[in-house]
$ cat my_file17.cif   # mmCIF, N, CA and C atoms
data_coords
loop_
_atom_site.group_PDB
_atom_site.id
_atom_site.type_symbol
_atom_site.label_atom_id
_atom_site.label_comp_id
_atom_site.auth_asym_id
_atom_site.auth_seq_id
_atom_site.Cartn_x
_atom_site.Cartn_y
_atom_site.Cartn_z
ATOM 1 N N MET A 1277 0.842 -1.172 0.000
ATOM 2 C CA MET A 1277 0.000 0.000 0.000
ATOM 3 C C MET A 1277 0.888 1.236 0.000
ATOM 4 N N THR A 1278 0.408 2.296 -0.629
ATOM 5 C CA THR A 1278 1.180 3.527 -0.712
ATOM 6 C C THR A 1278 0.759 4.495 0.391
ATOM 7 N N PHE A 1279 1.759 5.025 1.075
ATOM 8 C CA PHE A 1279 1.554 5.999 2.134
ATOM 9 C C PHE A 1279 2.274 7.286 1.768
ATOM 10 N N LYS A 1280 1.976 8.332 2.504
ATOM 11 C CA LYS A 1280 2.638 9.608 2.300
ATOM 12 C C LYS A 1280 3.483 9.901 3.539
ATOM 13 N N LEU A 1281 4.789 10.025 3.355
ATOM 14 C CA LEU A 1281 5.702 10.365 4.440
ATOM 15 C C LEU A 1281 5.987 11.857 4.335
ATOM 16 N N THR A 1282 5.482 12.613 5.310
ATOM 17 C CA THR A 1282 5.610 14.065 5.291
ATOM 18 C C THR A 1282 6.550 14.501 6.399
ATOM 19 N N THR A 1283 7.459 15.393 6.052
ATOM 20 C CA THR A 1283 8.407 15.945 7.012
ATOM 21 C C THR A 1283 8.000 17.383 7.319
ATOM 22 N N TYR A 1284 7.907 17.688 8.609
ATOM 23 C CA TYR A 1284 7.541 19.027 9.060
ATOM 24 C C TYR A 1284 8.682 19.623 9.872
ATOM 25 N N LYS A 1285 8.890 20.927 9.731
ATOM 26 C CA LYS A 1285 9.817 21.649 10.592
ATOM 27 C C LYS A 1285 8.974 22.305 11.675
ATOM 28 N N THR A 1286 9.296 22.012 12.932
ATOM 29 C CA THR A 1286 8.530 22.549 14.057
ATOM 30 C C THR A 1286 9.464 23.334 14.977
ATOM 31 N N LEU A 1287 8.882 23.924 16.000
ATOM 32 C CA LEU A 1287 9.679 24.669 16.978
ATOM 33 C C LEU A 1287 10.631 23.752 17.737
ATOM 34 N N THR A 1288 10.281 22.475 17.853
ATOM 35 C CA THR A 1288 11.125 21.532 18.596
ATOM 36 C C THR A 1288 12.006 20.666 17.694
ATOM 37 N N GLY A 1289 11.970 20.921 16.391
ATOM 38 C CA GLY A 1289 12.807 20.152 15.477
ATOM 39 C C GLY A 1289 12.003 19.553 14.339
ATOM 40 N N LYS A 1290 12.602 18.583 13.673
ATOM 41 C CA LYS A 1290 11.984 17.939 12.510
ATOM 42 C C LYS A 1290 11.097 16.790 12.967
ATOM 43 N N LYS A 1291 9.902 16.676 12.364
ATOM 44 C CA LYS A 1291 9.001 15.553 12.656
ATOM 45 C C LYS A 1291 8.568 14.922 11.349
ATOM 46 N N GLU A 1292 8.585 13.591 11.317
ATOM 47 C CA GLU A 1292 8.117 12.839 10.155
ATOM 48 C C GLU A 1292 6.842 12.106 10.532
ATOM 49 N N ILE A 1293 5.848 12.207 9.667
ATOM 50 C CA ILE A 1293 4.579 11.544 9.912
ATOM 51 C C ILE A 1293 4.198 10.732 8.680
ATOM 52 N N LEU A 1294 3.928 9.455 8.913
ATOM 53 C CA LEU A 1294 3.460 8.566 7.856
ATOM 54 C C LEU A 1294 1.940 8.564 7.895
ATOM 55 N N GLU A 1295 1.327 8.914 6.767
ATOM 56 C CA GLU A 1295 -0.126 9.020 6.691
ATOM 57 C C GLU A 1295 -0.637 8.203 5.512
ATOM 58 N N THR A 1296 -1.914 7.844 5.579
ATOM 59 C CA THR A 1296 -2.512 7.175 4.436
ATOM 60 C C THR A 1296 -2.561 8.176 3.284
ATOM 61 N N ALA A 1297 -2.443 7.678 2.081
ATOM 62 C CA ALA A 1297 -2.361 8.559 0.916
ATOM 63 C C ALA A 1297 -3.621 9.409 0.735
ATOM 64 N N LYS A 1298 -4.781 8.821 0.997
ATOM 65 C CA LYS A 1298 -6.038 9.560 0.780
ATOM 66 C C LYS A 1298 -6.539 10.267 2.027
ATOM 67 N N GLN A 1299 -5.925 10.032 3.163
ATOM 68 C CA GLN A 1299 -6.258 10.672 4.435
ATOM 69 C C GLN A 1299 -7.758 10.650 4.741
ATOM 70 N N LYS A 1300 -8.310 9.451 4.786
ATOM 71 C CA LYS A 1300 -9.703 9.283 5.182
ATOM 72 C C LYS A 1300 -9.792 9.229 6.699
ATOM 73 N N SER A 1301 -10.893 9.689 7.252
ATOM 74 C CA SER A 1301 -11.046 9.690 8.713
ATOM 75 C C SER A 1301 -11.259 8.283 9.267
ATOM 76 N N THR A 1302 -11.526 7.323 8.393
ATOM 77 C CA THR A 1302 -11.745 5.947 8.839
ATOM 78 C C THR A 1302 -10.479 5.092 8.705
ATOM 79 N N GLU A 1303 -9.382 5.705 8.293
ATOM 80 C CA GLU A 1303 -8.096 5.019 8.168
ATOM 81 C C GLU A 1303 -7.062 5.742 9.019
ATOM 82 N N ALA A 1304 -6.142 4.981 9.577
ATOM 83 C CA ALA A 1304 -5.065 5.604 10.354
ATOM 84 C C ALA A 1304 -3.866 4.681 10.437
ATOM 85 N N VAL A 1305 -2.698 5.295 10.453
ATOM 86 C CA VAL A 1305 -1.462 4.571 10.727
ATOM 87 C C VAL A 1305 -1.274 4.634 12.238
ATOM 88 N N VAL A 1306 -1.149 3.471 12.860
ATOM 89 C CA VAL A 1306 -0.967 3.403 14.303
ATOM 90 C C VAL A 1306 0.521 3.191 14.579
ATOM 91 N N TYR A 1307 1.050 4.046 15.435
ATOM 92 C CA TYR A 1307 2.455 3.975 15.809
ATOM 93 C C TYR A 1307 2.602 3.173 17.096
ATOM 94 N N LYS A 1308 3.626 2.341 17.127
ATOM 95 C CA LYS A 1308 3.989 1.615 18.346
ATOM 96 C C LYS A 1308 5.395 2.062 18.703
ATOM 97 N N ASP A 1309 5.562 2.611 19.888
ATOM 98 C CA ASP A 1309 6.849 3.160 20.317
ATOM 99 C C ASP A 1309 7.393 4.160 19.299
ATOM 100 N N ASP A 1310 6.515 5.037 18.823
ATOM 101 C CA ASP A 1310 6.838 6.121 17.887
ATOM 102 C C ASP A 1310 7.336 5.658 16.518
ATOM 103 N N LYS A 1311 7.007 4.421 16.133
ATOM 104 C CA LYS A 1311 7.344 3.919 14.793
ATOM 105 C C LYS A 1311 6.070 3.372 14.155
ATOM 106 N N PRO A 1312 5.856 3.623 12.855
ATOM 107 C CA PRO A 1312 4.659 3.093 12.189
ATOM 108 C C PRO A 1312 4.629 1.571 12.291
ATOM 109 N N ALA A 1313 3.513 1.021 12.797
ATOM 110 C CA ALA A 1313 3.472 -0.415 13.027
ATOM 111 C C ALA A 1313 2.228 -1.093 12.473
ATOM 112 N N TYR A 1314 1.087 -0.396 12.473
ATOM 113 C CA TYR A 1314 -0.175 -1.020 12.081
ATOM 114 C C TYR A 1314 -1.005 -0.059 11.230
ATOM 115 N N LEU A 1315 -1.896 -0.636 10.452
ATOM 116 C CA LEU A 1315 -2.850 0.148 9.675
ATOM 117 C C LEU A 1315 -4.255 -0.247 10.102
ATOM 118 N N VAL A 1316 -5.051 0.752 10.433
ATOM 119 C CA VAL A 1316 -6.449 0.531 10.783
ATOM 120 C C VAL A 1316 -7.293 1.109 9.664
ATOM 121 N N ASP A 1317 -8.216 0.317 9.137
ATOM 122 C CA ASP A 1317 -9.161 0.767 8.112
ATOM 123 C C ASP A 1317 -10.543 0.253 8.513
ATOM 124 N N CYS A 1318 -11.343 1.123 9.062
ATOM 125 C CA CYS A 1318 -12.655 0.713 9.593
ATOM 126 C C CYS A 1318 -13.606 0.195 8.519
ATOM 127 N N PHE A 1319 -13.349 0.507 7.260
ATOM 128 C CA PHE A 1319 -14.235 0.028 6.200
ATOM 129 C C PHE A 1319 -13.675 -1.164 5.444
ATOM 130 N N ASP A 1320 -12.547 -1.713 5.913
ATOM 131 C CA ASP A 1320 -12.018 -2.947 5.341
ATOM 132 C C ASP A 1320 -12.692 -4.095 6.080
ATOM 133 N N LEU A 1321 -13.777 -4.596 5.528
ATOM 134 C CA LEU A 1321 -14.551 -5.630 6.198
ATOM 135 C C LEU A 1321 -14.089 -7.037 5.825
ATOM 136 N N GLN A 1322 -12.886 -7.139 5.264
ATOM 137 C CA GLN A 1322 -12.293 -8.430 4.936
ATOM 138 C C GLN A 1322 -11.385 -8.917 6.063
ATOM 139 N N THR A 1323 -10.988 -8.017 6.954
ATOM 140 C CA THR A 1323 -10.047 -8.334 8.024
ATOM 141 C C THR A 1323 -10.760 -8.248 9.364
ATOM 142 N N GLU A 1324 -10.667 -9.311 10.153
ATOM 143 C CA GLU A 1324 -11.377 -9.372 11.431
ATOM 144 C C GLU A 1324 -11.011 -8.214 12.364
ATOM 145 N N ALA A 1325 -9.729 -7.859 12.423
ATOM 146 C CA ALA A 1325 -9.297 -6.762 13.304
ATOM 147 C C ALA A 1325 -9.943 -5.444 12.886
ATOM 148 N N ASN A 1326 -10.070 -5.216 11.594
ATOM 149 C CA ASN A 1326 -10.694 -3.984 11.117
ATOM 150 C C ASN A 1326 -12.203 -3.993 11.361
ATOM 151 N N ILE A 1327 -12.819 -5.154 11.306
ATOM 152 C CA ILE A 1327 -14.253 -5.259 11.637
ATOM 153 C C ILE A 1327 -14.459 -4.894 13.106
ATOM 154 N N GLN A 1328 -13.583 -5.377 13.974
ATOM 155 C CA GLN A 1328 -13.665 -5.038 15.395
ATOM 156 C C GLN A 1328 -13.473 -3.534 15.614
ATOM 157 N N MET A 1329 -12.516 -2.952 14.889
ATOM 158 C CA MET A 1329 -12.290 -1.503 15.002
ATOM 159 C C MET A 1329 -13.509 -0.735 14.487
ATOM 160 N N ASN A 1330 -14.130 -1.233 13.441
ATOM 161 C CA ASN A 1330 -15.356 -0.615 12.918
ATOM 162 C C ASN A 1330 -16.390 -0.531 14.031
ATOM 163 N N TYR A 1331 -16.558 -1.622 14.759
ATOM 164 C CA TYR A 1331 -17.519 -1.643 15.862
ATOM 165 C C TYR A 1331 -17.121 -0.652 16.957
ATOM 166 N N LEU A 1332 -15.847 -0.686 17.361
ATOM 167 C CA LEU A 1332 -15.391 0.169 18.457
ATOM 168 C C LEU A 1332 -15.479 1.658 18.118
ATOM 169 N N VAL A 1333 -15.161 2.011 16.875
ATOM 170 C CA VAL A 1333 -15.130 3.423 16.489
ATOM 171 C C VAL A 1333 -16.496 3.913 16.029
ATOM 172 N N LEU A 1334 -17.072 3.233 15.049
ATOM 173 C CA LEU A 1334 -18.300 3.743 14.441
ATOM 174 C C LEU A 1334 -19.553 3.412 15.240
ATOM 175 N N CYS A 1335 -19.677 2.189 15.686
ATOM 176 C CA CYS A 1335 -20.903 1.794 16.389
ATOM 177 C C CYS A 1335 -20.976 2.402 17.792
ATOM 178 N N GLN A 1336 -19.835 2.503 18.451
ATOM 179 C CA GLN A 1336 -19.835 3.090 19.789
ATOM 180 C C GLN A 1336 -19.581 4.591 19.766
ATOM 181 N N GLN A 1337 -19.409 5.145 18.575
ATOM 182 C CA GLN A 1337 -19.200 6.576 18.356
ATOM 183 C C GLN A 1337 -18.069 7.147 19.211
ATOM 184 N N LYS A 1338 -16.926 6.481 19.149
ATOM 185 C CA LYS A 1338 -15.715 6.954 19.821
ATOM 186 C C LYS A 1338 -14.729 7.389 18.746
ATOM 187 N N SER A 1339 -13.822 8.265 19.105
ATOM 188 C CA SER A 1339 -12.799 8.664 18.131
ATOM 189 C C SER A 1339 -11.763 7.551 18.029
ATOM 190 N N MET A 1340 -11.172 7.434 16.852
ATOM 191 C CA MET A 1340 -10.174 6.392 16.628
ATOM 192 C C MET A 1340 -8.985 6.606 17.565
ATOM 193 N N LYS A 1341 -8.613 7.838 17.785
ATOM 194 C CA LYS A 1341 -7.485 8.149 18.668
ATOM 195 C C LYS A 1341 -7.771 7.653 20.091
ATOM 196 N N ASN A 1342 -8.987 7.865 20.586
ATOM 197 C CA ASN A 1342 -9.349 7.402 21.933
ATOM 198 C C ASN A 1342 -9.343 5.879 22.024
ATOM 199 N N VAL A 1343 -9.860 5.212 21.002
ATOM 200 C CA VAL A 1343 -9.891 3.746 20.998
ATOM 201 C C VAL A 1343 -8.461 3.202 21.024
ATOM 202 N N ILE A 1344 -7.574 3.786 20.232
ATOM 203 C CA ILE A 1344 -6.175 3.335 20.191
ATOM 204 C C ILE A 1344 -5.504 3.558 21.548
ATOM 205 N N GLN A 1345 -5.771 4.698 22.185
ATOM 206 C CA GLN A 1345 -5.193 4.961 23.508
ATOM 207 C C GLN A 1345 -5.711 3.959 24.539
ATOM 208 N N GLU A 1346 -6.999 3.641 24.479
ATOM 209 C CA GLU A 1346 -7.578 2.655 25.404
ATOM 210 C C GLU A 1346 -6.946 1.279 25.206
ATOM 211 N N ILE A 1347 -6.777 0.874 23.947
ATOM 212 C CA ILE A 1347 -6.154 -0.423 23.647
ATOM 213 C C ILE A 1347 -4.723 -0.451 24.184
ATOM 214 N N GLY A 1348 -3.991 0.636 23.944
ATOM 215 C CA GLY A 1348 -2.607 0.714 24.418
ATOM 216 C C GLY A 1348 -2.493 0.622 25.925
ATOM 217 N N SER A 1349 -3.346 1.349 26.645
ATOM 218 C CA SER A 1349 -3.264 1.316 28.102
ATOM 219 C C SER A 1349 -3.734 -0.029 28.659
ATOM 220 N N LYS A 1350 -4.736 -0.637 28.012
ATOM 221 C CA LYS A 1350 -5.242 -1.939 28.468
ATOM 222 C C LYS A 1350 -4.178 -3.033 28.335
ATOM 223 N N HIS A 1351 -3.361 -2.947 27.284
ATOM 224 C CA HIS A 1351 -2.359 -3.992 27.012
ATOM 225 C C HIS A 1351 -0.930 -3.528 27.314
ATOM 226 N N ASN A 1352 -0.810 -2.368 27.958
ATOM 227 C CA ASN A 1352 0.491 -1.840 28.352
ATOM 228 C C ASN A 1352 1.452 -1.715 27.164
ATOM 229 N N VAL A 1353 0.952 -1.121 26.082
ATOM 230 C CA VAL A 1353 1.727 -0.916 24.854
ATOM 231 C C VAL A 1353 1.633 0.563 24.498
ATOM 232 N N ASN A 1354 2.733 1.139 24.053
ATOM 233 C CA ASN A 1354 2.762 2.551 23.683
ATOM 234 C C ASN A 1354 2.237 2.726 22.253
ATOM 235 N N LEU A 1355 0.922 2.942 22.107
ATOM 236 C CA LEU A 1355 0.294 3.131 20.801
ATOM 237 C C LEU A 1355 -0.165 4.573 20.653
ATOM 238 N N SER A 1356 -0.092 5.083 19.426
ATOM 239 C CA SER A 1356 -0.565 6.439 19.166
ATOM 240 C C SER A 1356 -0.882 6.610 17.687
ATOM 241 N N ILE A 1357 -1.617 7.678 17.411
ATOM 242 C CA ILE A 1357 -1.867 8.110 16.037
ATOM 243 C C ILE A 1357 -1.268 9.500 15.928
ATOM 244 N N LYS A 1358 -0.327 9.674 15.020
ATOM 245 C CA LYS A 1358 0.344 10.964 14.862
ATOM 246 C C LYS A 1358 -0.541 11.912 14.070
ATOM 247 N N GLU A 1359 -0.505 13.164 14.478
ATOM 248 C CA GLU A 1359 -1.249 14.205 13.783
ATOM 249 C C GLU A 1359 -0.292 15.303 13.355
ATOM 250 N N THR A 1360 -0.718 16.085 12.377
ATOM 251 C CA THR A 1360 0.089 17.195 11.913
ATOM 252 C C THR A 1360 0.304 18.180 13.062
ATOM 253 N N PRO A 1361 1.555 18.582 13.308
ATOM 254 C CA PRO A 1361 1.808 19.545 14.386
ATOM 255 C C PRO A 1361 1.088 20.870 14.117
ATOM 256 N N LEU A 1362 0.666 21.540 15.194
ATOM 257 C CA LEU A 1362 -0.058 22.807 15.047
ATOM 258 C C LEU A 1362 0.810 23.892 14.429
ATOM 259 N N PHE A 1363 2.005 24.074 14.967
ATOM 260 C CA PHE A 1363 2.906 25.105 14.469
ATOM 261 C C PHE A 1363 4.039 24.428 13.719
ATOM 262 N N ALA A 1364 3.840 24.267 12.416
ATOM 263 C CA ALA A 1364 4.832 23.551 11.619
ATOM 264 C C ALA A 1364 4.823 24.050 10.185
ATOM 265 N N ILE A 1365 5.948 23.859 9.547
ATOM 266 C CA ILE A 1365 6.083 24.161 8.123
ATOM 267 C C ILE A 1365 6.373 22.840 7.424
ATOM 268 N N LYS A 1366 5.558 22.540 6.431
ATOM 269 C CA LYS A 1366 5.750 21.301 5.668
ATOM 270 C C LYS A 1366 6.986 21.475 4.794
ATOM 271 N N SER A 1367 7.987 20.610 5.003
ATOM 272 C CA SER A 1367 9.216 20.764 4.233
ATOM 273 C C SER A 1367 9.324 19.782 3.078
ATOM 274 N N SER A 1368 8.758 18.594 3.216
ATOM 275 C CA SER A 1368 8.790 17.647 2.096
ATOM 276 C C SER A 1368 7.732 16.582 2.283
ATOM 277 N N SER A 1369 7.400 15.953 1.174
ATOM 278 C CA SER A 1369 6.425 14.866 1.208
ATOM 279 C C SER A 1369 6.776 13.893 0.096
ATOM 280 N N VAL A 1370 6.896 12.619 0.453
ATOM 281 C CA VAL A 1370 7.216 11.589 -0.531
ATOM 282 C C VAL A 1370 6.268 10.413 -0.359
ATOM 283 N N ASN A 1371 5.992 9.742 -1.455
ATOM 284 C CA ASN A 1371 5.182 8.530 -1.385
ATOM 285 C C ASN A 1371 6.085 7.363 -1.029
ATOM 286 N N LYS A 1372 5.573 6.501 -0.166
ATOM 287 C CA LYS A 1372 6.355 5.364 0.302
ATOM 288 C C LYS A 1372 5.456 4.136 0.266
ATOM 289 N N SER A 1373 5.937 3.078 -0.330
ATOM 290 C CA SER A 1373 5.157 1.853 -0.439
ATOM 291 C C SER A 1373 5.639 0.849 0.600
ATOM 292 N N ILE A 1374 4.792 0.585 1.605
ATOM 293 C CA ILE A 1374 5.112 -0.390 2.632
ATOM 294 C C ILE A 1374 3.847 -1.148 3.008
ATOM 295 N N GLU A 1375 4.026 -2.281 3.632
ATOM 296 C CA GLU A 1375 2.890 -3.076 4.101
ATOM 297 C C GLU A 1375 2.836 -3.000 5.622
ATOM 298 N N LEU A 1376 1.703 -2.563 6.134
ATOM 299 C CA LEU A 1376 1.498 -2.531 7.579
ATOM 300 C C LEU A 1376 0.373 -3.500 7.916
ATOM 301 N N PRO A 1377 0.559 -4.338 8.920
ATOM 302 C CA PRO A 1377 -0.488 -5.292 9.297
ATOM 303 C C PRO A 1377 -1.603 -4.584 10.082
ATOM 304 N N PRO A 1378 -2.764 -5.214 10.207
ATOM 305 C CA PRO A 1378 -3.808 -4.670 11.086
ATOM 306 C C PRO A 1378 -3.401 -4.868 12.542
ATOM 307 N N LEU A 1379 -4.117 -4.234 13.444
ATOM 308 C CA LEU A 1379 -3.864 -4.432 14.866
ATOM 309 C C LEU A 1379 -4.008 -5.903 15.220
ATOM 310 N N PRO A 1380 -3.238 -6.398 16.187
ATOM 311 C CA PRO A 1380 -3.420 -7.791 16.618
ATOM 312 C C PRO A 1380 -4.836 -8.002 17.148
ATOM 313 N N LEU A 1381 -5.469 -9.053 16.707
ATOM 314 C CA LEU A 1381 -6.849 -9.336 17.053
ATOM 315 C C LEU A 1381 -7.041 -9.519 18.561
ATOM 316 N N GLU A 1382 -6.048 -10.099 19.243
ATOM 317 C CA GLU A 1382 -6.183 -10.317 20.679
ATOM 318 C C GLU A 1382 -6.254 -9.008 21.469
ATOM 319 N N TRP A 1383 -5.763 -7.901 20.901
ATOM 320 C CA TRP A 1383 -5.868 -6.601 21.562
ATOM 321 C C TRP A 1383 -7.297 -6.054 21.502
ATOM 322 N N LEU A 1384 -8.069 -6.514 20.541
ATOM 323 C CA LEU A 1384 -9.399 -5.938 20.303
ATOM 324 C C LEU A 1384 -10.524 -6.677 21.018
ATOM 325 N N ASN A 1385 -10.231 -7.778 21.652
ATOM 326 C CA ASN A 1385 -11.281 -8.554 22.340
ATOM 327 C C ASN A 1385 -11.367 -8.201 23.803
#

$ encode --input "my_file17.cif" --output "structure tokens"
Amino acid sequence: MTFKLTTYKTLTGKKEILETAKQKSTEAVVYKDDKPAYLVDCFDLQTEANIQMNYLVLCQQKSMKNVIQEIGSKHNVNLSIKETPLFAIKSSSVNKSIELPPLPLEWLN
């Protein structure tokens, strides 16, 4: 899958954020220990983990960021979704083709 790796210059230094190419609100790159590790797509109904995320986010009307934080704290894992910094200048953006797995199913039960 193709992602967009964007580099921002911020007050605290350079930040790189890997984002889905189309930036849909139902898709997110989940970081584990500040490195891209998983892809969540709430409308990918072919993958059991994404079906579970669909339920947690859409049916329970929670934000994806909150659900990811809850999963991380429940399983003692440092998970996050990176967002564009508030005070930043976009310095570069490149397309990057990598494969990210869905969240582990055992985290979602």

$ residues_around --input "my_file17.cif" --residues "A:Gln1328" --least-positions-apart "5" --cutoff "8 Å" --atoms "only N, CA and C atoms" --output "PyMOL selection string"
chain A and resi 1318+1321+1323+1333-1334+1384-1385

$ select_by_dssp --input "my_file17.cif" --residues "chain A" --states "strand (DSSP E or B)" --output "ChimeraX atom specification"
/A:1278-1286,1289-1296,1303-1308,1311-1317,1355-1356,1364-1373

$ residues_near_point --input "my_file17.cif" --point "(10.8, 18.6, 7.3)" --cutoff "10 Å" --atoms "only C-alpha atoms" --output "list in words"
Thr1282, Thr1283, Tyr1284, Lys1285, Thr1286, Gly1289, Lys1290, Lys1291, Glu1292, Ile1293, Ala1364, Ile1365, Lys1366, Ser1367, Ser1368 and Ser1369 of chain A

$ atom_distance --input "my_file17.cif" --atom1 "atom CA of A:Tyr1307" --atom2 "atom CA of A:Gln1336"
22.7 Å

$ closest_residue --input "my_file17.cif" --among "A:Tyr1314, A:Trp1383, A:Phe1279, A:Tyr1331" --to "A:Ile1347" --atoms "all atoms listed in the file"
A:Trp1383

$ select_by_dssp --input "my_file17.cif" --residues "chain A" --states "alpha helix (DSSP H)" --output "ChimeraX atom specification"
/A:1324-1330,1340-1350,1381-1384

$ atom_distance --input "my_file17.cif" --atom1 "atom CA of A:Val1305" --atom2 "atom CA of A:Ile1357"
6.4 Å

$ closest_residue --input "my_file17.cif" --among "A:Lys1280, A:Ser1356, A:Val1343, A:Asp1317" --to "A:Ser1301" --atoms "only N, CA and C atoms"
A:Asp1317

$ residues_near_point --input "my_file17.cif" --point "(8.8, 0.0, -1.4)" --cutoff "9 Å" --atoms "only C-alpha atoms" --output "PyMOL selection string"
chain A and resi 1277-1278+1372-1375

$ closest_residue --input "my_file17.cif" --among "A:Leu1294, A:Ser1339, A:Lys1350, A:Leu1362" --to "A:Pro1312" --atoms "only N, CA and C atoms"
A:Leu1294

$ resolve_selection --input "my_file17.cif" --expression "the PyMOL selection byres ((chain A and resi 1379) around 6.5)" --output "number ranges by chain"
A: 1314-1316, 1325-1326, 1377-1378, 1380-1383

$ write_last_selection --input "my_file17.cif" --atoms "N, CA and C atoms" --output "short mmCIF file (atom, residue, chain, number, x, y, z; two decimals), in the coordinates of the input"
data_model
loop_
_atom_site.label_atom_id
_atom_site.label_comp_id
_atom_site.auth_asym_id
_atom_site.auth_seq_id
_atom_site.Cartn_x
_atom_site.Cartn_y
_atom_site.Cartn_z
N TYR A 1314 1.09 -0.40 12.47
CA TYR A 1314 -0.18 -1.02 12.08
C TYR A 1314 -1.00 -0.06 11.23
N LEU A 1315 -1.90 -0.64 10.45
CA LEU A 1315 -2.85 0.15 9.68
C LEU A 1315 -4.26 -0.25 10.10
N VAL A 1316 -5.05 0.75 10.43
CA VAL A 1316 -6.45 0.53 10.78
C VAL A 1316 -7.29 1.11 9.66
N ALA A 1325 -9.73 -7.86 12.42
CA ALA A 1325 -9.30 -6.76 13.30
C ALA A 1325 -9.94 -5.44 12.89
N ASN A 1326 -10.07 -5.22 11.59
CA ASN A 1326 -10.69 -3.98 11.12
C ASN A 1326 -12.20 -3.99 11.36
N PRO A 1377 0.56 -4.34 8.92
CA PRO A 1377 -0.49 -5.29 9.30
C PRO A 1377 -1.60 -4.58 10.08
N PRO A 1378 -2.76 -5.21 10.21
CA PRO A 1378 -3.81 -4.67 11.09
C PRO A 1378 -3.40 -4.87 12.54
N PRO A 1380 -3.24 -6.40 16.19
CA PRO A 1380 -3.42 -7.79 16.62
C PRO A 1380 -4.84 -8.00 17.15
N LEU A 1381 -5.47 -9.05 16.71
CA LEU A 1381 -6.85 -9.34 17.05
C LEU A 1381 -7.04 -9.52 18.56
N GLU A 1382 -6.05 -10.10 19.24
CA GLU A 1382 -6.18 -10.32 20.68
C GLU A 1382 -6.25 -9.01 21.47
N TRP A 1383 -5.76 -7.90 20.90
CA TRP A 1383 -5.87 -6.60 21.56
C TRP A 1383 -7.30 -6.05 21.50
#
